[in-house]
$ cat protein.cif   # mmCIF, C-alpha atoms and all ligand atoms
data_final
loop_
_atom_site.group_PDB
_atom_site.id
_atom_site.type_symbol
_atom_site.label_atom_id
_atom_site.label_comp_id
_atom_site.auth_asym_id
_atom_site.auth_seq_id
_atom_site.Cartn_x
_atom_site.Cartn_y
_atom_site.Cartn_z
ATOM 1 C CA MET A 1 -3.620 -16.802 -9.292
ATOM 2 C CA ARG A 2 -3.323 -13.239 -8.071
ATOM 3 C CA LYS A 3 -0.057 -11.925 -6.753
ATOM 4 C CA LYS A 4 0.575 -11.889 -3.015
ATOM 5 C CA ILE A 5 2.339 -8.791 -1.807
ATOM 6 C CA VAL A 6 3.984 -7.834 1.433
ATOM 7 C CA ALA A 7 4.829 -4.156 1.557
ATOM 8 C CA GLY A 8 6.620 -2.244 4.294
ATOM 9 C CA ASN A 9 5.807 1.406 4.915
ATOM 10 C CA TRP A 10 8.694 2.722 6.981
ATOM 11 C CA LYS A 11 7.037 6.144 7.419
ATOM 12 C CA MET A 12 9.382 8.796 8.907
ATOM 13 C CA ASN A 13 11.424 6.253 10.841
ATOM 14 C CA LEU A 14 15.014 4.951 10.903
ATOM 15 C CA SER A 15 18.425 6.543 10.523
ATOM 16 C CA LEU A 16 20.346 5.969 7.306
ATOM 17 C CA VAL A 17 22.456 3.297 8.996
ATOM 18 C CA GLU A 18 19.328 1.512 10.262
ATOM 19 C CA ALA A 19 17.618 1.770 6.883
ATOM 20 C CA VAL A 20 20.639 0.272 5.102
ATOM 21 C CA GLU A 21 20.793 -2.559 7.608
ATOM 22 C CA LEU A 22 17.078 -3.313 7.305
ATOM 23 C CA TYR A 23 17.061 -3.186 3.521
ATOM 24 C CA GLN A 24 20.103 -5.443 3.375
ATOM 25 C CA GLY A 25 18.358 -7.911 5.677
ATOM 26 C CA ILE A 26 15.295 -7.896 3.433
ATOM 27 C CA THR A 27 17.412 -8.599 0.341
ATOM 28 C CA GLU A 28 18.613 -11.754 2.085
ATOM 29 C CA LEU A 29 15.142 -13.146 2.887
ATOM 30 C CA THR A 30 13.777 -16.133 1.060
ATOM 31 C CA VAL A 31 10.834 -14.966 -1.025
ATOM 32 C CA ALA A 32 8.709 -17.345 -3.076
ATOM 33 C CA PRO A 33 8.531 -16.427 -6.779
ATOM 34 C CA GLN A 34 4.819 -15.681 -6.602
ATOM 35 C CA VAL A 35 5.302 -13.217 -3.732
ATOM 36 C CA GLU A 36 6.331 -9.622 -4.202
ATOM 37 C CA VAL A 37 8.116 -7.615 -1.502
ATOM 38 C CA VAL A 38 8.114 -3.821 -1.737
ATOM 39 C CA VAL A 39 9.379 -1.272 0.762
ATOM 40 C CA PHE A 40 8.566 2.407 1.110
ATOM 41 C CA PRO A 41 11.559 3.993 2.914
ATOM 42 C CA PRO A 42 12.019 7.712 3.589
ATOM 43 C CA SER A 43 12.544 9.146 0.077
ATOM 44 C CA LEU A 44 15.954 10.592 0.832
ATOM 45 C CA PHE A 45 17.396 7.131 1.480
ATOM 46 C CA ILE A 46 15.998 5.342 -1.551
ATOM 47 C CA ASP A 47 18.755 6.002 -4.049
ATOM 48 C CA ARG A 48 21.389 4.827 -1.567
ATOM 49 C CA LEU A 49 19.482 1.599 -0.923
ATOM 50 C CA MET A 50 18.906 0.889 -4.600
ATOM 51 C CA THR A 51 22.524 1.597 -5.537
ATOM 52 C CA GLN A 52 24.190 -0.215 -2.675
ATOM 53 C CA PHE A 53 22.073 -3.362 -2.971
ATOM 54 C CA LEU A 54 21.547 -3.395 -6.739
ATOM 55 C CA HIS A 55 17.842 -2.652 -6.367
ATOM 56 C CA ARG A 56 17.206 -6.245 -5.322
ATOM 57 C CA ILE A 57 13.978 -5.386 -3.499
ATOM 58 C CA LYS A 58 11.409 -3.088 -5.091
ATOM 59 C CA VAL A 59 11.114 0.366 -3.575
ATOM 60 C CA GLY A 60 8.552 3.121 -3.585
ATOM 61 C CA THR A 61 8.151 6.618 -2.224
ATOM 62 C CA GLN A 62 5.582 7.304 0.472
ATOM 63 C CA ASN A 63 4.313 10.330 -1.407
ATOM 64 C CA ALA A 64 4.846 12.447 -4.517
ATOM 65 C CA HIS A 65 3.203 15.525 -6.002
ATOM 66 C CA PRO A 66 0.992 15.320 -9.102
ATOM 67 C CA VAL A 67 2.346 18.466 -10.793
ATOM 68 C CA THR A 68 5.372 17.835 -13.023
ATOM 69 C CA SER A 69 7.514 20.743 -11.822
ATOM 70 C CA GLY A 70 7.236 24.171 -10.283
ATOM 71 C CA ALA A 71 7.045 26.170 -7.092
ATOM 72 C CA PHE A 72 6.048 23.493 -4.594
ATOM 73 C CA THR A 73 8.734 23.826 -1.956
ATOM 74 C CA GLY A 74 9.541 20.571 -0.219
ATOM 75 C CA GLU A 75 7.711 18.350 -2.699
ATOM 76 C CA ILE A 76 8.994 15.847 -5.253
ATOM 77 C CA SER A 77 7.120 15.127 -8.459
ATOM 78 C CA MET A 78 6.035 11.765 -9.825
ATOM 79 C CA GLN A 79 8.316 12.431 -12.776
ATOM 80 C CA GLN A 80 11.302 12.940 -10.464
ATOM 81 C CA VAL A 81 10.441 9.701 -8.675
ATOM 82 C CA ALA A 82 10.290 7.890 -12.001
ATOM 83 C CA ASP A 83 13.591 9.490 -13.095
ATOM 84 C CA MET A 84 15.282 7.725 -10.194
ATOM 85 C CA GLY A 85 14.104 4.313 -11.391
ATOM 86 C CA ILE A 86 11.821 3.913 -8.381
ATOM 87 C CA ASP A 87 9.065 1.347 -8.879
ATOM 88 C CA ALA A 88 6.046 2.575 -6.957
ATOM 89 C CA VAL A 89 4.362 5.278 -4.933
ATOM 90 C CA LEU A 90 2.007 5.200 -1.985
ATOM 91 C CA ILE A 91 -1.046 7.348 -2.585
ATOM 92 C CA GLY A 92 -3.756 8.327 -0.136
ATOM 93 C CA HIS A 93 -2.257 7.071 3.092
ATOM 94 C CA SER A 94 -4.551 8.180 5.916
ATOM 95 C CA GLU A 95 -1.688 10.121 7.511
ATOM 96 C CA ARG A 96 -1.397 12.173 4.316
ATOM 97 C CA ARG A 97 -5.173 12.651 4.206
ATOM 98 C CA GLN A 98 -5.316 13.612 7.891
ATOM 99 C CA TYR A 99 -2.196 15.733 8.452
ATOM 100 C CA PHE A 100 -1.797 17.202 4.970
ATOM 101 C CA ASN A 101 -5.490 17.559 4.081
ATOM 102 C CA GLU A 102 -5.261 15.467 0.941
ATOM 103 C CA THR A 103 -8.702 15.128 -0.638
ATOM 104 C CA ASN A 104 -10.110 12.436 -2.879
ATOM 105 C CA GLU A 105 -9.892 14.863 -5.825
ATOM 106 C CA PHE A 106 -6.220 15.624 -5.148
ATOM 107 C CA LEU A 107 -5.485 11.914 -4.800
ATOM 108 C CA ARG A 108 -7.142 11.298 -8.134
ATOM 109 C CA GLN A 109 -4.644 13.730 -9.683
ATOM 110 C CA LYS A 110 -1.811 11.839 -7.999
ATOM 111 C CA VAL A 111 -3.067 8.529 -9.336
ATOM 112 C CA ASP A 112 -3.175 9.970 -12.857
ATOM 113 C CA ALA A 113 0.304 11.495 -12.532
ATOM 114 C CA ALA A 114 1.760 8.250 -11.168
ATOM 115 C CA LEU A 115 0.384 6.269 -14.086
ATOM 116 C CA ALA A 116 1.532 8.870 -16.604
ATOM 117 C CA ASN A 117 5.034 8.228 -15.263
ATOM 118 C CA ASN A 118 4.706 4.440 -15.232
ATOM 119 C CA LEU A 119 4.765 4.246 -11.452
ATOM 120 C CA ARG A 120 2.764 1.558 -9.734
ATOM 121 C CA SER A 121 0.263 3.160 -7.321
ATOM 122 C CA PHE A 122 -0.388 1.577 -3.957
ATOM 123 C CA PHE A 123 -3.661 3.323 -3.207
ATOM 124 C CA CYS A 124 -4.725 3.436 0.453
ATOM 125 C CA CYS A 125 -8.317 3.665 1.600
ATOM 126 C CA GLY A 126 -10.023 3.172 4.932
ATOM 127 C CA GLU A 127 -12.532 4.643 7.320
ATOM 128 C CA PRO A 128 -12.113 6.520 10.613
ATOM 129 C CA LEU A 129 -13.560 5.080 13.796
ATOM 130 C CA LYS A 130 -16.578 7.433 13.770
ATOM 131 C CA VAL A 131 -17.654 6.092 10.391
ATOM 132 C CA ARG A 132 -17.182 2.470 11.479
ATOM 133 C CA GLU A 133 -19.264 3.138 14.601
ATOM 134 C CA VAL A 134 -22.261 4.236 12.549
ATOM 135 C CA ASN A 135 -21.802 1.275 10.216
ATOM 136 C CA ASP A 136 -21.114 3.437 7.161
ATOM 137 C CA HIS A 137 -17.636 2.032 6.440
ATOM 138 C CA LEU A 138 -18.543 0.296 3.190
ATOM 139 C CA ASN A 139 -20.076 3.442 1.687
ATOM 140 C CA PHE A 140 -17.166 5.534 2.886
ATOM 141 C CA VAL A 141 -14.504 3.369 1.248
ATOM 142 C CA LYS A 142 -16.575 2.849 -1.895
ATOM 143 C CA ASN A 143 -16.749 6.606 -2.272
ATOM 144 C CA GLN A 144 -12.972 6.976 -1.795
ATOM 145 C CA LEU A 145 -12.377 4.461 -4.576
ATOM 146 C CA HIS A 146 -14.939 5.961 -6.933
ATOM 147 C CA GLU A 147 -13.609 9.487 -6.450
ATOM 148 C CA SER A 148 -9.896 8.696 -6.789
ATOM 149 C CA LEU A 149 -9.359 5.402 -8.602
ATOM 150 C CA PHE A 150 -12.280 3.966 -10.520
ATOM 151 C CA HIS A 151 -12.079 6.570 -13.299
ATOM 152 C CA LEU A 152 -9.007 4.732 -14.615
ATOM 153 C CA SER A 153 -9.081 2.674 -17.778
ATOM 154 C CA ALA A 154 -8.978 -1.078 -17.210
ATOM 155 C CA GLU A 155 -5.380 -1.153 -18.433
ATOM 156 C CA ASP A 156 -4.245 1.525 -15.986
ATOM 157 C CA PHE A 157 -6.290 0.158 -13.107
ATOM 158 C CA GLN A 158 -4.396 -3.111 -13.320
ATOM 159 C CA LYS A 159 -1.169 -1.211 -12.579
ATOM 160 C CA THR A 160 -2.520 -0.260 -9.161
ATOM 161 C CA VAL A 161 -2.845 -2.066 -5.852
ATOM 162 C CA ILE A 162 -5.428 -1.203 -3.195
ATOM 163 C CA ALA A 163 -4.497 -1.283 0.478
ATOM 164 C CA TYR A 164 -7.406 -1.227 2.904
ATOM 165 C CA GLU A 165 -6.221 0.408 6.103
ATOM 166 C CA PRO A 166 -8.942 1.145 8.657
ATOM 167 C CA ILE A 167 -7.671 4.299 10.349
ATOM 168 C CA TRP A 168 -8.628 3.095 13.809
ATOM 169 C CA ALA A 169 -6.280 0.126 13.376
ATOM 170 C CA ILE A 170 -3.190 2.048 12.235
ATOM 171 C CA GLY A 171 -0.475 2.129 14.859
ATOM 172 C CA THR A 172 -3.027 1.517 17.601
ATOM 173 C CA GLY A 173 -2.490 -2.161 18.269
ATOM 174 C CA LEU A 174 -6.161 -2.656 17.344
ATOM 175 C CA THR A 175 -6.532 -4.878 14.324
ATOM 176 C CA ALA A 176 -9.561 -5.478 12.177
ATOM 177 C CA SER A 177 -11.002 -8.899 12.936
ATOM 178 C CA THR A 178 -10.813 -11.387 10.115
ATOM 179 C CA GLU A 179 -14.570 -10.867 9.604
ATOM 180 C CA GLN A 180 -14.162 -7.093 9.366
ATOM 181 C CA ALA A 181 -11.205 -7.372 6.990
ATOM 182 C CA GLU A 182 -12.877 -9.972 4.795
ATOM 183 C CA GLU A 183 -16.155 -8.027 4.656
ATOM 184 C CA MET A 184 -14.348 -4.947 3.312
ATOM 185 C CA HIS A 185 -12.008 -6.819 0.992
ATOM 186 C CA ALA A 186 -14.867 -8.821 -0.513
ATOM 187 C CA ALA A 187 -16.838 -5.600 -0.974
ATOM 188 C CA ILE A 188 -13.886 -3.894 -2.677
ATOM 189 C CA ARG A 189 -13.527 -6.854 -5.027
ATOM 190 C CA SER A 190 -17.249 -6.746 -5.829
ATOM 191 C CA TRP A 191 -16.989 -3.038 -6.737
ATOM 192 C CA ILE A 192 -14.042 -3.867 -8.994
ATOM 193 C CA VAL A 193 -16.253 -6.499 -10.652
ATOM 194 C CA ASP A 194 -18.909 -3.817 -11.210
ATOM 195 C CA VAL A 195 -16.484 -1.377 -12.828
ATOM 196 C CA TYR A 196 -13.891 -3.601 -14.534
ATOM 197 C CA GLY A 197 -15.443 -7.061 -14.713
ATOM 198 C CA ALA A 198 -14.866 -10.375 -13.008
ATOM 199 C CA THR A 199 -11.573 -11.364 -14.642
ATOM 200 C CA ILE A 200 -9.736 -8.193 -13.658
ATOM 201 C CA ALA A 201 -11.236 -8.338 -10.155
ATOM 202 C CA GLU A 202 -10.161 -11.938 -9.676
ATOM 203 C CA ASN A 203 -6.553 -11.132 -10.566
ATOM 204 C CA TYR A 204 -6.317 -7.903 -8.559
ATOM 205 C CA SER A 205 -4.318 -7.729 -5.287
ATOM 206 C CA ILE A 206 -5.951 -6.092 -2.253
ATOM 207 C CA LEU A 207 -3.743 -5.634 0.813
ATOM 208 C CA TYR A 208 -4.696 -5.207 4.444
ATOM 209 C CA GLY A 209 -2.914 -2.683 6.700
ATOM 210 C CA GLY A 210 -3.363 -1.691 10.312
ATOM 211 C CA SER A 211 -1.407 -3.230 13.207
ATOM 212 C CA CYS A 212 -0.670 -6.308 11.142
ATOM 213 C CA ASN A 213 2.049 -8.271 12.931
ATOM 214 C CA PRO A 214 3.456 -11.782 13.297
ATOM 215 C CA SER A 215 0.727 -12.823 15.732
ATOM 216 C CA ASN A 216 -2.277 -11.872 13.582
ATOM 217 C CA ALA A 217 -0.955 -12.075 10.023
ATOM 218 C CA SER A 218 -1.671 -15.733 9.379
ATOM 219 C CA ALA A 219 -5.386 -15.326 10.215
ATOM 220 C CA LEU A 220 -5.714 -12.107 8.204
ATOM 221 C CA PHE A 221 -3.773 -13.419 5.213
ATOM 222 C CA ALA A 222 -5.865 -16.584 5.189
ATOM 223 C CA CYS A 223 -9.006 -14.530 4.388
ATOM 224 C CA PRO A 224 -10.030 -15.360 0.827
ATOM 225 C CA ASN A 225 -9.920 -11.746 -0.363
ATOM 226 C CA VAL A 226 -6.813 -10.589 1.515
ATOM 227 C CA ASP A 227 -3.748 -10.827 -0.709
ATOM 228 C CA GLY A 228 -1.054 -9.689 1.689
ATOM 229 C CA GLY A 229 -0.328 -6.630 3.772
ATOM 230 C CA LEU A 230 0.873 -3.069 3.931
ATOM 231 C CA ILE A 231 2.831 -3.116 7.147
ATOM 232 C CA GLY A 232 3.924 -0.203 9.327
ATOM 233 C CA GLY A 233 5.498 -0.875 12.732
ATOM 234 C CA ALA A 234 6.224 -4.555 12.124
ATOM 235 C CA ALA A 235 8.067 -3.679 8.893
ATOM 236 C CA LEU A 236 10.745 -1.857 10.884
ATOM 237 C CA LYS A 237 12.007 -4.991 12.588
ATOM 238 C CA LEU A 238 13.625 -7.535 10.293
ATOM 239 C CA SER A 239 12.631 -10.546 12.401
ATOM 240 C CA ASP A 240 8.944 -9.467 12.328
ATOM 241 C CA PHE A 241 8.980 -8.588 8.646
ATOM 242 C CA GLU A 242 10.603 -11.930 7.865
ATOM 243 C CA ILE A 243 7.669 -13.718 9.510
ATOM 244 C CA LEU A 244 5.181 -11.637 7.512
ATOM 245 C CA VAL A 245 6.987 -12.477 4.283
ATOM 246 C CA ALA A 246 6.913 -16.158 5.270
ATOM 247 C CA GLU A 247 3.169 -15.945 6.035
ATOM 248 C CA THR A 248 2.581 -14.347 2.645
ATOM 249 C CA THR A 249 4.485 -17.182 1.038
ATOM 250 C CA TRP A 250 2.279 -19.631 2.849
ATOM 251 C CA ILE A 251 -0.946 -18.048 1.560
ATOM 252 C CA THR A 252 0.143 -18.573 -2.012
ATOM 253 C CA SER A 253 -1.068 -22.094 -1.484
ATOM 254 C CA LYS A 254 -4.588 -21.047 -0.450
HETATM 255 P P1 LIG A 301 0.890 -0.134 11.432
HETATM 256 O O1 LIG A 301 1.190 -1.488 10.874
HETATM 257 O O2 LIG A 301 1.996 0.427 12.272
HETATM 258 O O3 LIG A 301 -0.446 -0.093 12.111
HETATM 259 O O4 LIG A 301 0.778 0.864 10.194
HETATM 260 C C1 LIG A 301 0.018 0.484 9.099
HETATM 261 C C2 LIG A 301 0.244 1.472 8.020
HETATM 262 O O5 LIG A 301 -0.085 2.628 8.165
HETATM 263 C C3 LIG A 301 0.913 1.009 6.804
HETATM 264 O O6 LIG A 301 0.822 1.944 5.795
#

$ encode --input "protein.cif" --output "structure tokens"
Amino acid sequence: MRKKIVAGNWKMNLSLVEAVELYQGITELTVAPQVEVVVFPPSLFIDRLMTQFLHRIKVGTQNAHPVTSGAFTGEISMQQVADMGIDAVLIGHSERRQYFNETNEFLRQKVDAALANNLRSFFCCGEPLKVREVNDHLNFVKNQLHESLFHLSAEDFQKTVIAYEPIWAIGTGLTASTEQAEEMHAAIRSWIVDVYGATIAENYSILYGGSCNPSNASALFACPNVDGGLIGGAALKLSDFEILVAETTWITSK
């Protein structure tokens, strides 16, 4: 059975005090053994959280640079992230693509650098509204995956997680319908079959992100090819995140 994952992307939110409180709350949640919880706090806070709470919940950075070291003011490298004992890195979030002009080619370099440093990549893909409106969303996402991820060896690919986040659903309150989510997730799995074969595809976790919250999570997580979520706004409130973790636990029985 493939792993169910609930991941919280805190983005550029929370004070240190709030982040400590939230992380502590998450360490106290009941999580089924077959469910993995990962949070992506602001990078500056990560070491404090890991140290203070004995790294009880996995953590990742929301970004890192592919070059090992050098004159890249304001950036941190994958190697520096790995040095800190951090587990994972988010790659290709649409906010990075949109506001920082990150291209598929650049994201491919990040994926390679993350793997070279034994970091688990949570690779985000998803189409803008304009692409969805002309019904080209499947091609668009397929291309993102082929240009940034599907060059990996089978061994490396299995150290990654894909999060499908339709851009029009991020932070908008609009959520993909279960049909829309399942269509894309099933398509992603079929492309994984094409490149890596059926066994790897069957065991691979594909997360949904985009206004996922306690009121829609159970329907989304019940989709056969949705293996949990990458959560933004609802990951900032412990009571909401707790419900999402509980829903993810429930789907382990599907
Ligand atoms: P929201 O859940 O706030 O829509 O954000 C989703 C997201 O971007 C997670 O990476």

$ closest_residue --input "protein.cif" --among "A:Tyr164, A:Phe140, A:Phe72, A:Tyr99" --to "ligand LIG 301 (chain A)" --atoms "all atoms listed in the file"
A:Tyr164

$ axis_aligned_box --input "protein.cif" --around "ligand LIG 301 (chain A)" --padding-each-side "5 Å" --output "lines of an AutoDock Vina configuration file"
center_x = 0.8
center_y = 0.6
center_z = 9.0
size_x = 12.4
size_y = 14.1
size_z = 16.5

$ residues_around --input "protein.cif" --residues "segment 65-70 of chain A" --least-positions-apart "4" --cutoff "9 Å" --atoms "all atoms listed in the file" --output "ChimeraX atom specification"
/A:75-80,106-107,109-114

$ resolve_selection --input "protein.cif" --expression "the PyMOL selection byres (((chain A and resi 241) around 10) and not hetatm)" --output "list in words"
Val6, Ala7, Gly8, Leu22, Gly25, Ile26, Leu29, Asn213, Pro214, Ile231, Gly232, Gly233, Ala234, Ala235, Leu236, Lys237, Leu238, Ser239, Asp240, Glu242, Ile243, Leu244, Val245, Ala246 and Glu247 of chain A

$ closest_residue --input "protein.cif" --among "A:Ala187, A:Leu174, A:Val89, A:Leu149" --to "ligand LIG 301 (chain A)" --atoms "all atoms listed in the file"
A:Leu174
